[in-house]
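File shown here: model20.pdb, holding PDB, C-alpha atoms and all ligand atoms.
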MODEL        1
ATOM      1  CA  MET Z  23       1.455  -7.927  55.886
ATOM      2  CA  ASP Z  24       1.118  -6.920  59.559
ATOM      3  CA  ARG Z  25      -0.698 -10.162  60.221
ATOM      4  CA  ALA Z  26       2.043 -12.136  58.474
ATOM      5  CA  LEU Z  27       4.817 -10.456  60.421
ATOM      6  CA  GLY Z  28       2.872 -10.937  63.630
ATOM      7  CA  LEU Z  29       3.410 -14.655  63.136
ATOM      8  CA  VAL Z  30       7.165 -14.367  63.725
ATOM      9  CA  ARG Z  31       7.840 -16.282  66.927
ATOM     10  CA  GLU Z  32      10.384 -15.180  69.550
ATOM     11  CA  VAL Z  33      12.254 -18.020  71.262
ATOM     12  CA  PRO Z  34      14.559 -17.052  74.154
ATOM     13  CA  ASP Z  35      17.915 -18.790  74.607
ATOM     14  CA  PHE Z  36      17.991 -20.583  71.251
ATOM     15  CA  PRO Z  37      20.277 -21.951  69.914
ATOM     16  CA  GLU Z  38      22.279 -20.898  72.954
ATOM     17  CA  PRO Z  39      21.741 -18.837  76.148
ATOM     18  CA  GLY Z  40      21.356 -15.115  75.546
ATOM     19  CA  VAL Z  41      20.099 -15.340  71.948
ATOM     20  CA  LEU Z  42      16.492 -14.303  71.269
ATOM     21  CA  PHE Z  43      15.750 -16.382  68.198
ATOM     22  CA  ARG Z  44      13.257 -15.104  65.608
ATOM     23  CA  ASP Z  45      11.544 -18.177  64.191
ATOM     24  CA  LEU Z  46       9.798 -17.655  60.841
ATOM     25  CA  SER Z  47       8.370 -21.174  60.650
ATOM     26  CA  PRO Z  48       4.815 -19.942  61.415
ATOM     27  CA  VAL Z  49       5.045 -17.393  58.587
ATOM     28  CA  LEU Z  50       6.054 -20.093  56.130
ATOM     29  CA  ALA Z  51       3.271 -22.367  57.328
ATOM     30  CA  ASP Z  52       0.637 -19.687  56.724
ATOM     31  CA  ALA Z  53      -0.354 -19.561  53.040
ATOM     32  CA  ALA Z  54      -1.394 -15.898  53.069
ATOM     33  CA  GLY Z  55       1.582 -14.906  55.194
ATOM     34  CA  PHE Z  56       4.116 -16.620  52.964
ATOM     35  CA  ARG Z  57       2.451 -15.081  49.913
ATOM     36  CA  ALA Z  58       2.466 -11.598  51.490
ATOM     37  CA  VAL Z  59       6.202 -11.781  52.208
ATOM     38  CA  THR Z  60       6.957 -13.073  48.717
ATOM     39  CA  ASP Z  61       4.839 -10.366  47.083
ATOM     40  CA  ALA Z  62       6.488  -7.641  49.173
ATOM     41  CA  PHE Z  63       9.945  -8.791  48.111
ATOM     42  CA  ALA Z  64       8.901  -8.930  44.454
ATOM     43  CA  ALA Z  65       7.334  -5.450  44.630
ATOM     44  CA  ALA Z  66      10.546  -4.003  46.096
ATOM     45  CA  LEU Z  67      12.773  -5.130  43.229
ATOM     46  CA  PRO Z  68      13.962  -2.353  40.914
ATOM     47  CA  SER Z  69      12.816  -2.345  37.309
ATOM     48  CA  GLY Z  70      14.326  -0.863  34.172
ATOM     49  CA  ALA Z  71      18.052  -0.169  34.008
ATOM     50  CA  GLY Z  72      18.680  -1.242  37.608
ATOM     51  CA  ALA Z  73      16.712  -4.480  37.358
ATOM     52  CA  VAL Z  74      18.078  -7.633  38.913
ATOM     53  CA  ASP Z  75      18.424 -10.870  36.966
ATOM     54  CA  THR Z  76      19.303 -13.413  39.660
ATOM     55  CA  VAL Z  77      18.288 -14.350  43.192
ATOM     56  CA  VAL Z  78      21.165 -15.394  45.449
ATOM     57  CA  ALA Z  79      19.613 -17.337  48.325
ATOM     58  CA  ILE Z  80      21.489 -18.306  51.488
ATOM     59  CA  GLU Z  81      21.205 -21.762  53.100
ATOM     60  CA  ALA Z  82      19.054 -22.773  54.770
ATOM     61  CA  ARG Z  83      16.236 -20.425  55.619
ATOM     62  CA  GLY Z  84      17.117 -18.021  52.826
ATOM     63  CA  PHE Z  85      16.411 -20.801  50.327
ATOM     64  CA  LEU Z  86      12.726 -20.775  51.237
ATOM     65  CA  PHE Z  87      12.100 -17.079  50.722
ATOM     66  CA  GLY Z  88      14.597 -16.856  47.867
ATOM     67  CA  ALA Z  89      12.998 -19.663  45.891
ATOM     68  CA  ALA Z  90       9.549 -18.175  46.334
ATOM     69  CA  LEU Z  91      10.799 -14.788  45.162
ATOM     70  CA  ALA Z  92      12.619 -16.260  42.171
ATOM     71  CA  THR Z  93       9.465 -17.989  41.008
ATOM     72  CA  ALA Z  94       7.257 -14.949  41.593
ATOM     73  CA  ALA Z  95       9.651 -12.575  39.846
ATOM     74  CA  GLY Z  96      10.658 -14.911  37.027
ATOM     75  CA  LEU Z  97      14.325 -15.023  38.031
ATOM     76  CA  GLY Z  98      16.914 -17.780  38.244
ATOM     77  CA  LEU Z  99      18.316 -18.726  41.637
ATOM     78  CA  VAL Z 100      21.859 -19.341  42.855
ATOM     79  CA  ALA Z 101      21.871 -21.367  46.073
ATOM     80  CA  VAL Z 102      24.819 -20.323  48.249
ATOM     81  CA  ARG Z 103      25.467 -23.310  50.498
ATOM     82  CA  LYS Z 104      27.078 -24.424  53.721
ATOM     83  CA  PRO Z 105      30.305 -26.405  53.224
ATOM     84  CA  GLY Z 106      30.420 -29.968  51.977
ATOM     85  CA  LYS Z 107      27.130 -29.881  50.066
ATOM     86  CA  LEU Z 108      28.203 -28.831  46.587
ATOM     87  CA  PRO Z 109      29.972 -31.116  44.103
ATOM     88  CA  ALA Z 110      31.502 -28.174  42.229
ATOM     89  CA  VAL Z 111      32.499 -25.028  44.114
ATOM     90  CA  ALA Z 112      33.449 -21.752  42.441
ATOM     91  CA  ASP Z 113      34.473 -19.928  45.631
ATOM     92  CA  ARG Z 114      34.091 -20.057  49.414
ATOM     93  CA  VAL Z 115      34.266 -17.665  52.362
ATOM     94  CA  THR Z 116      34.391 -18.155  56.154
ATOM     95  CA  TYR Z 117      32.874 -15.571  58.508
ATOM     96  CA  ASP Z 118      31.649 -15.000  62.103
ATOM     97  CA  LEU Z 119      28.008 -15.384  63.181
ATOM     98  CA  GLU Z 120      25.967 -14.126  66.151
ATOM     99  CA  TYR Z 121      26.528 -17.655  67.400
ATOM    100  CA  GLY Z 122      29.700 -19.384  66.109
ATOM    101  CA  SER Z 123      31.249 -19.181  62.662
ATOM    102  CA  ALA Z 124      30.279 -20.504  59.252
ATOM    103  CA  THR Z 125      31.439 -21.017  55.703
ATOM    104  CA  LEU Z 126      29.482 -20.332  52.520
ATOM    105  CA  GLU Z 127      30.183 -21.775  49.093
ATOM    106  CA  LEU Z 128      29.150 -20.540  45.652
ATOM    107  CA  PRO Z 129      28.227 -23.287  43.177
ATOM    108  CA  ALA Z 130      30.355 -23.418  40.026
ATOM    109  CA  ASP Z 131      28.937 -22.222  36.705
ATOM    110  CA  THR Z 132      25.874 -20.493  38.153
ATOM    111  CA  LEU Z 133      26.547 -16.787  38.618
ATOM    112  CA  ALA Z 134      27.536 -15.045  35.404
ATOM    113  CA  PRO Z 135      29.929 -12.078  35.540
ATOM    114  CA  GLY Z 136      27.961  -8.872  35.109
ATOM    115  CA  SER Z 137      24.854 -10.257  36.805
ATOM    116  CA  ARG Z 138      22.832  -7.986  39.067
ATOM    117  CA  VAL Z 139      21.579  -9.939  42.031
ATOM    118  CA  VAL Z 140      19.206  -9.742  44.957
ATOM    119  CA  ILE Z 141      20.571 -11.546  48.020
ATOM    120  CA  VAL Z 142      17.739 -13.106  50.054
ATOM    121  CA  ASP Z 143      17.798 -14.334  53.638
ATOM    122  CA  ASP Z 144      15.299 -14.607  56.460
ATOM    123  CA  VAL Z 145      17.136 -12.601  59.132
ATOM    124  CA  LEU Z 146      19.817  -9.908  59.137
ATOM    125  CA  ALA Z 147      21.568 -10.084  62.511
ATOM    126  CA  THR Z 148      25.261  -9.088  62.652
ATOM    127  CA  GLY Z 149      25.308  -8.893  58.872
ATOM    128  CA  GLY Z 150      28.184 -11.343  58.600
ATOM    129  CA  THR Z 151      26.248 -13.777  56.454
ATOM    130  CA  VAL Z 152      25.073 -11.192  53.946
ATOM    131  CA  GLU Z 153      28.519  -9.609  53.885
ATOM    132  CA  ALA Z 154      30.037 -12.998  53.117
ATOM    133  CA  ALA Z 155      27.503 -13.731  50.377
ATOM    134  CA  ALA Z 156      28.051 -10.294  48.864
ATOM    135  CA  GLY Z 157      31.786 -10.993  48.836
ATOM    136  CA  LEU Z 158      31.180 -14.147  46.816
ATOM    137  CA  VAL Z 159      28.968 -12.201  44.415
ATOM    138  CA  GLU Z 160      31.583  -9.499  43.950
ATOM    139  CA  ARG Z 161      34.429 -11.979  43.434
ATOM    140  CA  ALA Z 162      32.329 -13.656  40.745
ATOM    141  CA  GLY Z 163      32.249 -10.349  38.880
ATOM    142  CA  ALA Z 164      28.585  -9.725  39.680
ATOM    143  CA  THR Z 165      26.881  -6.881  41.574
ATOM    144  CA  THR Z 166      24.643  -7.003  44.624
ATOM    145  CA  ALA Z 167      21.868  -4.564  43.701
ATOM    146  CA  VAL Z 168      19.452  -5.488  46.508
ATOM    147  CA  VAL Z 169      19.612  -7.238  49.864
ATOM    148  CA  ALA Z 170      16.195  -8.498  51.009
ATOM    149  CA  VAL Z 171      15.455  -9.962  54.442
ATOM    150  CA  VAL Z 172      12.229 -10.588  56.297
ATOM    151  CA  VAL Z 173      13.522  -9.486  59.712
ATOM    152  CA  GLU Z 174      16.300  -7.062  60.641
ATOM    153  CA  LEU Z 175      17.655  -7.260  64.201
ATOM    154  CA  THR Z 176      18.642  -3.609  64.510
ATOM    155  CA  ALA Z 177      20.554  -3.952  67.779
ATOM    156  CA  LEU Z 178      23.169  -6.122  66.084
ATOM    157  CA  GLY Z 179      24.075  -3.463  63.530
ATOM    158  CA  GLY Z 180      24.071  -5.644  60.439
ATOM    159  CA  ARG Z 181      23.000  -2.773  58.231
ATOM    160  CA  SER Z 182      26.486  -1.265  58.467
ATOM    161  CA  ARG Z 183      27.926  -4.354  56.776
ATOM    162  CA  LEU Z 184      25.684  -4.302  53.721
ATOM    163  CA  PRO Z 185      27.436  -3.923  50.374
ATOM    164  CA  GLY Z 186      27.823  -0.309  49.284
ATOM    165  CA  GLY Z 187      25.314   0.815  46.697
ATOM    166  CA  ALA Z 188      22.812  -1.964  47.343
ATOM    167  CA  ASP Z 189      19.168  -1.241  48.182
ATOM    168  CA  PHE Z 190      18.091  -2.764  51.478
ATOM    169  CA  VAL Z 191      14.631  -4.284  51.914
ATOM    170  CA  SER Z 192      13.569  -5.396  55.372
ATOM    171  CA  LEU Z 193       9.928  -6.147  56.114
ATOM    172  CA  LEU Z 194      10.227  -6.064  59.922
ATOM    173  CA  SER Z 195      12.794  -4.197  62.032
ATOM    174  CA  VAL Z 196      12.997  -5.254  65.672
TER     175      VAL Z 196
HETATM  176  O1  LIG J   1      23.483 -11.556  60.112
HETATM  177  P1  LIG J   1      24.135 -12.762  60.701
HETATM  178  O2  LIG J   1      24.674 -12.508  62.090
HETATM  179  O3  LIG J   1      25.173 -13.336  59.825
HETATM  180  O4  LIG J   1      23.025 -13.863  60.931
HETATM  181  C1  LIG J   1      21.990 -14.151  60.043
HETATM  182  C2  LIG J   1      22.073 -15.568  59.568
HETATM  183  O5  LIG J   1      21.923 -16.459  60.657
HETATM  184  C3  LIG J   1      20.929 -17.431  60.327
HETATM  185  O6  LIG J   1      21.463 -18.501  59.658
HETATM  186  P2  LIG J   1      22.106 -19.791  60.313
HETATM  187  O7  LIG J   1      23.559 -19.775  60.068
HETATM  188  O8  LIG J   1      21.641 -19.909  61.744
HETATM  189  O9  LIG J   1      21.579 -20.955  59.418
HETATM  190  P3  LIG J   1      20.258 -21.655  58.913
HETATM  191  O10 LIG J   1      19.565 -20.714  57.960
HETATM  192  O11 LIG J   1      20.837 -22.820  58.207
HETATM  193  O12 LIG J   1      19.390 -22.006  60.079
HETATM  194  C4  LIG J   1      20.000 -16.677  59.400
HETATM  195  O13 LIG J   1      19.227 -17.546  58.603
HETATM  196  C5  LIG J   1      20.953 -15.845  58.595
HETATM  197  O14 LIG J   1      21.476 -16.574  57.481
HETATM  198  N1  LIG J   2      18.398 -13.986  66.723
HETATM  199  C1  LIG J   2      18.247 -14.645  65.573
HETATM  200  N2  LIG J   2      17.058 -15.156  65.220
HETATM  201  C2  LIG J   2      16.918 -15.812  64.062
HETATM  202  N3  LIG J   2      17.905 -16.003  63.197
HETATM  203  C3  LIG J   2      19.098 -15.510  63.518
HETATM  204  N4  LIG J   2      20.267 -15.534  62.856
HETATM  205  C4  LIG J   2      21.180 -14.907  63.604
HETATM  206  N5  LIG J   2      20.638 -14.451  64.730
HETATM  207  C5  LIG J   2      19.332 -14.817  64.695
ENDMDL
END
Transcribe the structure of this file into structure tokens.
Ligand SMILES: O=P(O)(O)OC[C@H]1O[C@H](OP(=O)(O)OP(=O)(O)O)[C@H](O)[C@@H]1O
Ligand SMILES: Nc1ncnc2[nH]cnc12
Amino acid sequence: MDRALGLVREVPDFPEPGVLFRDLSPVLADAAGFRAVTDAFAAALPSGAGAVDTVVAIEARGFLFGAALATAAGLGLVAVRKPGKLPAVADRVTYDLEYGSATLELPADTLAPGSRVVIVDDVLATGGTVEAAAGLVERAGATTAVVAVVVELTALGGRSRLPGGADFVSLLSV
């Protein structure tokens, strides 16, 4: 796992001046690294009464880790998307990012009320994205049981915006 996380690349001033971008492309490109991250997410999921039944993955980079986890853990996946991509939208939310603002949409007829979900993304920065996704989950009548990210940027304080009661899994805190 240390080797996998050592592959995370730091890119200064991307996508705009002042942002130190954490690029996980080299982790994805490394077979053992991608497998290690996927296995760590799967191992962190609760079992028994608190088990999750659905992965909610956030476009775009969250799709990659979310899909791998869903397959490894035998779970279905709900792809929460950027605007204009879905033909049938159940709900949408607009929120602020570290750089700019964004909207997320929940596909219709995917997330059943009562579901217990794990939200997956690559990076937790300000926490706005996960907070927005968790809002969609809650409004659908489902529960966010776990939030799983590969990298947490602690200086941006995103942890304070996680949904109450959810477990938090972060493989690398920087
Ligand atoms: O905690 P936050 O401050 O909300 O930031 C984290 C989000 O920012 C990035 O997504 P981005 O919108 O850049 O999109 P991408 O995955 O499509 O590249 C990242 O993949 C997270 O989704
Ligand atoms: N600094 C950062 N690196 C990678 N992804 C991000 N998403 C938001 N901030 C980010």
Q.
So, with only C-alpha atoms as the atoms that count, which of Z:Arg83, Z:Arg181, Z:Arg57, Z:Arg138 lies closest to Glu153 of chain Z?
A.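 Checking each candidate against Glu153 of chain Z, we get Z:Arg181 as the closest.
Around ligand LIG 2 (chain J), the neighbouring residues within 6 Å, taking only C-alpha atoms and all ligand atoms, come to Val41, Leu42, Phe43, Arg44, Asp45, Glu120, Val145 and Ala147 of chain Z.
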Q) Selected by the PyMOL selection byres (((chain Z and resi 152) around 10) and not hetatm) in the shown coordinates: which residues, as a VMD selection string? A) chain Z and resid 79 to 80 141 to 143 145 to 151 153 to 158 169 to 171 180 to 181 183 to 185
Filtering to C-alpha atoms, could you give me those residues as a PDB file, in the frame of the given file?
ATOM      1  CA  ALA Z  79      19.613 -17.337  48.325  1.00  0.00           C
ATOM      2  CA  ILE Z  80      21.489 -18.306  51.488  1.00  0.00           C
ATOM      3  CA  ILE Z 141      20.571 -11.546  48.020  1.00  0.00           C
ATOM      4  CA  VAL Z 142      17.739 -13.106  50.054  1.00  0.00           C
ATOM      5  CA  ASP Z 143      17.798 -14.334  53.638  1.00  0.00           C
ATOM      6  CA  VAL Z 145      17.136 -12.601  59.132  1.00  0.00           C
ATOM      7  CA  LEU Z 146      19.817  -9.908  59.137  1.00  0.00           C
ATOM      8  CA  ALA Z 147      21.568 -10.084  62.511  1.00  0.00           C
ATOM      9  CA  THR Z 148      25.261  -9.088  62.652  1.00  0.00           C
ATOM     10  CA  GLY Z 149      25.308  -8.893  58.872  1.00  0.00           C
ATOM     11  CA  GLY Z 150      28.184 -11.343  58.600  1.00  0.00           C
ATOM     12  CA  THR Z 151      26.248 -13.777  56.454  1.00  0.00           C
ATOM     13  CA  GLU Z 153      28.519  -9.609  53.885  1.00  0.00           C
ATOM     14  CA  ALA Z 154      30.037 -12.998  53.117  1.00  0.00           C
ATOM     15  CA  ALA Z 155      27.503 -13.731  50.377  1.00  0.00           C
ATOM     16  CA  ALA Z 156      28.051 -10.294  48.864  1.00  0.00           C
ATOM     17  CA  GLY Z 157      31.786 -10.993  48.836  1.00  0.00           C
ATOM     18  CA  LEU Z 158      31.180 -14.147  46.816  1.00  0.00           C
ATOM     19  CA  VAL Z 169      19.612  -7.238  49.864  1.00  0.00           C
ATOM     20  CA  ALA Z 170      16.195  -8.498  51.009  1.00  0.00           C
ATOM     21  CA  VAL Z 171      15.455  -9.962  54.442  1.00  0.00           C
ATOM     22  CA  GLY Z 180      24.071  -5.644  60.439  1.00  0.00           C
ATOM     23  CA  ARG Z 181      23.000  -2.773  58.231  1.00  0.00           C
ATOM     24  CA  ARG Z 183      27.926  -4.354  56.776  1.00  0.00           C
ATOM     25  CA  LEU Z 184      25.684  -4.302  53.721  1.00  0.00           C
ATOM     26  CA  PRO Z 185      27.436  -3.923  50.374  1.00  0.00           C
TER      27      PRO Z 185
END
Q.
Between atom CA of Tyr121 of chain Z and atom CA of Leu194 of chain Z, what is the distance in Å, rounded to a tenth?
A. 21.4 Å
Q: Quick one: pull the distance between atom CA of Leu29 of chain Z and atom CA of Phe56 of chain Z, Å, one decimal.
A: 10.4 Å
Step by step, work through what the PyMOL selection byres (((chain Z and resi 91) around 9) and not hetatm) selects in the shown file, and finish by giving those residues as a PDB file with C-alpha atoms, in the coordinates of the input.
ATOM      1  CA  VAL Z  59       6.202 -11.781  52.208  1.00  0.00           C
ATOM      2  CA  THR Z  60       6.957 -13.073  48.717  1.00  0.00           C
ATOM      3  CA  ASP Z  61       4.839 -10.366  47.083  1.00  0.00           C
ATOM      4  CA  PHE Z  63       9.945  -8.791  48.111  1.00  0.00           C
ATOM      5  CA  ALA Z  64       8.901  -8.930  44.454  1.00  0.00           C
ATOM      6  CA  VAL Z  77      18.288 -14.350  43.192  1.00  0.00           C
ATOM      7  CA  LEU Z  86      12.726 -20.775  51.237  1.00  0.00           C
ATOM      8  CA  PHE Z  87      12.100 -17.079  50.722  1.00  0.00           C
ATOM      9  CA  GLY Z  88      14.597 -16.856  47.867  1.00  0.00           C
ATOM     10  CA  ALA Z  89      12.998 -19.663  45.891  1.00  0.00           C
ATOM     11  CA  ALA Z  90       9.549 -18.175  46.334  1.00  0.00           C
ATOM     12  CA  ALA Z  92      12.619 -16.260  42.171  1.00  0.00           C
ATOM     13  CA  THR Z  93       9.465 -17.989  41.008  1.00  0.00           C
ATOM     14  CA  ALA Z  94       7.257 -14.949  41.593  1.00  0.00           C
ATOM     15  CA  ALA Z  95       9.651 -12.575  39.846  1.00  0.00           C
ATOM     16  CA  GLY Z  96      10.658 -14.911  37.027  1.00  0.00           C
ATOM     17  CA  LEU Z  97      14.325 -15.023  38.031  1.00  0.00           C
ATOM     18  CA  VAL Z 142      17.739 -13.106  50.054  1.00  0.00           C
TER      19      VAL Z 142
END
Q. Can you tell me how far atom CA of Asp144 of chain Z sits from atom CA of Gly70 of chain Z, in Å to one decimal?
A.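 These atoms are spaced 26.2 Å apart.
Those DNA, RNA and protein residues that approach the point (1.9, -8.8, 58.5) to within 10 Å, considering all atoms listed in the file, are Met23, Asp24, Arg25, Ala26, Leu27, Gly28, Leu29, Val30, Val49, Ala54, Gly55, Phe56, Ala58, Val59, Leu193 and Leu194 of chain Z.
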Would you mind exporting C-alpha atoms of the selected residues as an mmCIF file, in the coordinates of the input?
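Generated output (part26.cif):
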data_model
loop_
_atom_site.group_PDB
_atom_site.id
_atom_site.type_symbol
_atom_site.label_atom_id
_atom_site.label_comp_id
_atom_site.auth_asym_id
_atom_site.auth_seq_id
_atom_site.Cartn_x
_atom_site.Cartn_y
_atom_site.Cartn_z
ATOM 1 C CA MET Z 23 1.455 -7.927 55.886
ATOM 2 C CA ASP Z 24 1.118 -6.920 59.559
ATOM 3 C CA ARG Z 25 -0.698 -10.162 60.221
ATOM 4 C CA ALA Z 26 2.043 -12.136 58.474
ATOM 5 C CA LEU Z 27 4.817 -10.456 60.421
ATOM 6 C CA GLY Z 28 2.872 -10.937 63.630
ATOM 7 C CA LEU Z 29 3.410 -14.655 63.136
ATOM 8 C CA VAL Z 30 7.165 -14.367 63.725
ATOM 9 C CA VAL Z 49 5.045 -17.393 58.587
ATOM 10 C CA ALA Z 54 -1.394 -15.898 53.069
ATOM 11 C CA GLY Z 55 1.582 -14.906 55.194
ATOM 12 C CA PHE Z 56 4.116 -16.620 52.964
ATOM 13 C CA ALA Z 58 2.466 -11.598 51.490
ATOM 14 C CA VAL Z 59 6.202 -11.781 52.208
ATOM 15 C CA LEU Z 193 9.928 -6.147 56.114
ATOM 16 C CA LEU Z 194 10.227 -6.064 59.922
#
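Remark: for Thr125 of chain Z, the closest of the candidate residues Z:Thr165, Z:Glu81, Z:Glu174, Z:Leu46 is Z:Glu81 (distances computed over only C-alpha atoms).
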Q: Using all atoms listed in the file, pick whichever of Z:Glu32, Z:Gly136, Z:Asp113, Z:Leu119 has the shortest atom-to-atom distance to Val196 of chain Z.
A: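 Smallest distance to Val196 of chain Z is found for Z:Glu32.
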Q: Considering all atoms listed in the file, state which residue in the set Z:Pro48, Z:Gly179, Z:Gly72, Z:Pro135 is at the smallest distance from ligand LIG 1 (chain J).
A: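 Closest to ligand LIG 1 (chain J) of all the choices is Z:Gly179.
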Q | For Ser137 of chain Z, the nearest of the candidates Z:Ala51, Z:Ala73, Z:Val173, Z:Val33, counting all atoms listed in the file | A |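 Of all the options, Z:Ala73 lies closest to Ser137 of chain Z.
For the set Z:Val115, Z:Ala188, Z:Ala124, Z:Ala130, the residue with the smallest atom-to-atom gap to ligand LIG 1 (chain J) is Z:Ala124, counting all atoms listed in the file.
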Is it possible to get the axis-aligned box enclosing ligand LIG 1 (chain J) (all listed atoms, 4 Å extra per side) as AutoDock Vina command-line options, with centre and edge lengths in Å rounded to one decimal?
--center_x 22.2 --center_y -17.2 --center_z 59.8 --size_x 13.9 --size_y 19.3 --size_z 12.6
(Q) I need the output of the PyMOL selection byres (((chain Z and resi 139) around 6) and not hetatm) for this file as a ChimeraX atom specification; which residues are they? (A) /Z:74,76-77,138,140,166-167
Generate the coordinates of N, CA and C atoms for segment 172-195 of chain Z; report them as a PDB file, in the frame of the given file.
ATOM      1  N   VAL Z 172      13.538 -10.749  55.674  1.00  0.00           N
ATOM      2  CA  VAL Z 172      12.229 -10.588  56.297  1.00  0.00           C
ATOM      3  C   VAL Z 172      12.368  -9.780  57.582  1.00  0.00           C
ATOM      4  N   VAL Z 173      13.355 -10.132  58.401  1.00  0.00           N
ATOM      5  CA  VAL Z 173      13.522  -9.486  59.712  1.00  0.00           C
ATOM      6  C   VAL Z 173      14.933  -8.933  59.848  1.00  0.00           C
ATOM      7  N   GLU Z 174      15.017  -7.678  60.308  1.00  0.00           N
ATOM      8  CA  GLU Z 174      16.300  -7.062  60.641  1.00  0.00           C
ATOM      9  C   GLU Z 174      16.377  -6.892  62.156  1.00  0.00           C
ATOM     10  N   LEU Z 175      17.444  -7.430  62.758  1.00  0.00           N
ATOM     11  CA  LEU Z 175      17.655  -7.260  64.201  1.00  0.00           C
ATOM     12  C   LEU Z 175      18.537  -6.027  64.380  1.00  0.00           C
ATOM     13  N   THR Z 176      17.911  -4.881  64.594  1.00  0.00           N
ATOM     14  CA  THR Z 176      18.642  -3.609  64.510  1.00  0.00           C
ATOM     15  C   THR Z 176      19.768  -3.501  65.534  1.00  0.00           C
ATOM     16  N   ALA Z 177      19.567  -4.105  66.705  1.00  0.00           N
ATOM     17  CA  ALA Z 177      20.554  -3.952  67.779  1.00  0.00           C
ATOM     18  C   ALA Z 177      21.907  -4.553  67.401  1.00  0.00           C
ATOM     19  N   LEU Z 178      21.914  -5.452  66.438  1.00  0.00           N
ATOM     20  CA  LEU Z 178      23.169  -6.122  66.084  1.00  0.00           C
ATOM     21  C   LEU Z 178      23.924  -5.401  64.971  1.00  0.00           C
ATOM     22  N   GLY Z 179      23.331  -4.362  64.421  1.00  0.00           N
ATOM     23  CA  GLY Z 179      24.075  -3.463  63.530  1.00  0.00           C
ATOM     24  C   GLY Z 179      24.434  -4.012  62.167  1.00  0.00           C
ATOM     25  N   GLY Z 180      23.721  -5.019  61.717  1.00  0.00           N
ATOM     26  CA  GLY Z 180      24.071  -5.644  60.439  1.00  0.00           C
ATOM     27  C   GLY Z 180      23.991  -4.715  59.235  1.00  0.00           C
ATOM     28  N   ARG Z 181      23.182  -3.685  59.366  1.00  0.00           N
ATOM     29  CA  ARG Z 181      23.000  -2.773  58.231  1.00  0.00           C
ATOM     30  C   ARG Z 181      24.328  -2.123  57.814  1.00  0.00           C
ATOM     31  N   SER Z 182      25.212  -1.927  58.773  1.00  0.00           N
ATOM     32  CA  SER Z 182      26.486  -1.265  58.467  1.00  0.00           C
ATOM     33  C   SER Z 182      27.400  -2.154  57.627  1.00  0.00           C
ATOM     34  N   ARG Z 183      27.073  -3.436  57.535  1.00  0.00           N
ATOM     35  CA  ARG Z 183      27.926  -4.354  56.776  1.00  0.00           C
ATOM     36  C   ARG Z 183      27.346  -4.713  55.406  1.00  0.00           C
ATOM     37  N   LEU Z 184      26.268  -4.031  55.040  1.00  0.00           N
ATOM     38  CA  LEU Z 184      25.684  -4.302  53.721  1.00  0.00           C
ATOM     39  C   LEU Z 184      26.602  -3.771  52.627  1.00  0.00           C
ATOM     40  N   PRO Z 185      26.575  -4.397  51.460  1.00  0.00           N
ATOM     41  CA  PRO Z 185      27.436  -3.923  50.374  1.00  0.00           C
ATOM     42  C   PRO Z 185      27.065  -2.510  49.935  1.00  0.00           C
ATOM     43  N   GLY Z 186      28.060  -1.690  49.701  1.00  0.00           N
ATOM     44  CA  GLY Z 186      27.823  -0.309  49.284  1.00  0.00           C
ATOM     45  C   GLY Z 186      27.035  -0.262  47.985  1.00  0.00           C
ATOM     46  N   GLY Z 187      26.076   0.634  47.932  1.00  0.00           N
ATOM     47  CA  GLY Z 187      25.314   0.815  46.697  1.00  0.00           C
ATOM     48  C   GLY Z 187      24.107  -0.076  46.573  1.00  0.00           C
ATOM     49  N   ALA Z 188      23.967  -1.064  47.443  1.00  0.00           N
ATOM     50  CA  ALA Z 188      22.812  -1.964  47.343  1.00  0.00           C
ATOM     51  C   ALA Z 188      21.607  -1.363  48.055  1.00  0.00           C
ATOM     52  N   ASP Z 189      20.408  -1.560  47.476  1.00  0.00           N
ATOM     53  CA  ASP Z 189      19.168  -1.241  48.182  1.00  0.00           C
ATOM     54  C   ASP Z 189      18.988  -2.263  49.291  1.00  0.00           C
ATOM     55  N   PHE Z 190      18.366  -1.833  50.385  1.00  0.00           N
ATOM     56  CA  PHE Z 190      18.091  -2.764  51.478  1.00  0.00           C
ATOM     57  C   PHE Z 190      16.598  -2.835  51.706  1.00  0.00           C
ATOM     58  N   VAL Z 191      16.049  -4.041  51.667  1.00  0.00           N
ATOM     59  CA  VAL Z 191      14.631  -4.284  51.914  1.00  0.00           C
ATOM     60  C   VAL Z 191      14.512  -5.143  53.159  1.00  0.00           C
ATOM     61  N   SER Z 192      13.831  -4.627  54.173  1.00  0.00           N
ATOM     62  CA  SER Z 192      13.569  -5.396  55.372  1.00  0.00           C
ATOM     63  C   SER Z 192      12.094  -5.185  55.716  1.00  0.00           C
ATOM     64  N   LEU Z 193      11.373  -6.275  55.909  1.00  0.00           N
ATOM     65  CA  LEU Z 193       9.928  -6.147  56.114  1.00  0.00           C
ATOM     66  C   LEU Z 193       9.571  -5.872  57.569  1.00  0.00           C
ATOM     67  N   LEU Z 194      10.473  -6.256  58.485  1.00  0.00           N
ATOM     68  CA  LEU Z 194      10.227  -6.064  59.922  1.00  0.00           C
ATOM     69  C   LEU Z 194      11.550  -5.719  60.588  1.00  0.00           C
ATOM     70  N   SER Z 195      11.594  -4.562  61.258  1.00  0.00           N
ATOM     71  CA  SER Z 195      12.794  -4.197  62.032  1.00  0.00           C
ATOM     72  C   SER Z 195      12.458  -4.308  63.503  1.00  0.00           C
TER      73      SER Z 195
END
